[in-house]
Amino acid sequence: MKKVKVQKIYKGYAAVRSYVIEECILNKEKLVITYNKQKMTILVEQLTKHAQLSSQIFHSQFDGKSYKLYDYYFVPDKKKGKS
């Protein structure tokens with residue numbers, strides 16, 4: 001399971017770097033996106049079903065990797081409550 005923390009939500013979407021998604025698919029791991037102490041879990045089968053609000057290619061200033069941003073509509077996981 002790969003965990004990613006996002007700082008901003010744009011029009012309800014959380015942006016994740018393309019190489020993180022590709023790594024999850026390759027390793028058959030689910031992705032957990034955290035925003036404002038809320039978590040959203042994306043299963044491996046759902047990772048390819050993303051939006052792409054920007055087609056721009058970005059470059060990391062630290063390691064020089066090129067990446068795109070893949071956007072997922074942020075719907076927090078339901079908390080397991082006591083019945």
# chains A, B, ... in the order shown; residues from 1 in each chain; ligands from 1
>>> select_by_dssp(residues="region 17-81 of chain A", states="strand (DSSP E or B)", output="list in words")
Arg17, Leu31, Val32, Ile33, Thr34, Tyr35, Gln38, Lys39, Met40, Thr41, Ile42, Ala51, Phe58, His59, Ser66, Tyr67, Leu69, Tyr70, Asp71, Tyr72 and Tyr73 of chain A
>>> select_by_dssp(residues="chain A", states="helix (DSSP H, G or I)", output="list in words")
Ser18, Tyr19, Val20, Ile21, Glu22, Glu23, Cys24, Ile25, Leu26, Asn27, Val44, Glu45 and Gln46 of chain A
>>> closest_residue(among="A:Tyr35, A:Tyr19, A:Tyr70, A:Tyr13", to="Ser55 (chain A)", atoms="only C-alpha atoms")
A:Tyr70
>>> closest_residue(among="A:Lys28, A:Lys39, A:Arg17, A:Lys49", to="Leu69 (chain A)", atoms="only C-alpha atoms")
A:Arg17
>>> atom_distance(atom1="CA of Ile57 (chain A)", atom2="CA of Asn36 (chain A)")
26.7 Å
>>> closest_residue(among="A:Ile42, A:Val75, A:Ile9, A:Leu47", to="Glu22 (chain A)", atoms="only C-alpha atoms")
A:Leu47
>>> closest_residue(among="A:Lys2, A:Lys79, A:Lys11, A:His50", to="Glu23 (chain A)", atoms="only C-alpha atoms")
A:Lys2
>>> closest_residue(among="A:Phe58, A:Pro76, A:Gln46, A:Asp63", to="Ile33 (chain A)", atoms="only C-alpha atoms")
A:Pro76
